[in-house]
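Contents: one structure, followed by commentary.
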Amino acid sequence: MKTVLILIVVSVLLYAGYRIYRSVHLSKELQSKIADNPIILDVRTEKEYAAGHIKGAVNISLGTIRERYKELDPQKSYIIYCSHGLRSVKATTLLKERGFKYVYNGAPVKIWNNC
């Protein structure tokens, strides 16, 4: 029982360390991408967007991006974000599959508070 508890604690500490590292690394990467003045794309729902968003962000939800991606210019640079990071990963992949070269996962909106 003691060994299981130790493994759980170690796992939690490793996961927390990874999340902190990822947050700091992603924050620095975002700062360099933001300097290039990209279009910020919010892929959350309209309701989430209305509740609060990054100033100047364009809202195209993940649920509609398969149809609405044609509204975007594939030659421009985009940073895509959502609330937890999963939808932004999916949207980034989808746009890359459709020929967009300058799309970057901006991850969760909370990361942006550090930029």
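By order of appearance in the structure tokens: chains A, B, ..., then residues from 1 within every chain, and ligands from 1 in the order shown.
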Which polymer residues have any atom within 8 Å of an atom of stretch 64-71 of chain A, counting only C-alpha atoms, with same-chain residues fewer than 2 positions away left out, as a PyMOL selection string? chain A and resi 43+60-62+73+91+94-95
Non-local contacts of A:His53 (10 Å; only C-alpha atoms; under 6 positions in same chain excluded) as a list of chain:residue names: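 With the cut-off at 10 Å, the set is A:Asp42, A:Arg44, A:Asn59, A:Tyr81, A:Cys82, A:Ser83, A:Val109.
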Write to file, as a compact mmCIF listing (two decimals), in the first residue's frame, the residues of the selection just made, with C-alpha atoms.
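Dumped to part-v1.txt:
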# COMPACT_ATOMS: atom_id res chain seq x y z
CA ASP A 42 -10.68 31.55 -31.01
CA ARG A 44 -14.46 28.04 -28.67
CA ASN A 59 -14.27 33.48 -33.38
CA TYR A 81 -6.65 28.99 -28.94
CA CYS A 82 -9.50 27.51 -26.91
CA SER A 83 -10.30 26.95 -23.25
CA VAL A 109 -6.70 30.89 -23.09
Quick one, how far is atom CA of A:Gly99 from atom CA of A:Ser77?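 One can read the atom CA of A:Gly99 to atom CA of A:Ser77 distance as 12.2 Å.
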Selection: 8 Å around A:Phe100, only C-alpha atoms, excl. self and same-chain fewer than 3 positions, as a list in words: Pro74, Gln75, Leu95, Lys96, Glu97 and Val103 of chain A
Separation of atom CA of A:Ile80 and atom CA of A:Ile40, in Å?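 Spanning atom CA of A:Ile80 to atom CA of A:Ile40 is a straight-line distance of 6.0 Å.
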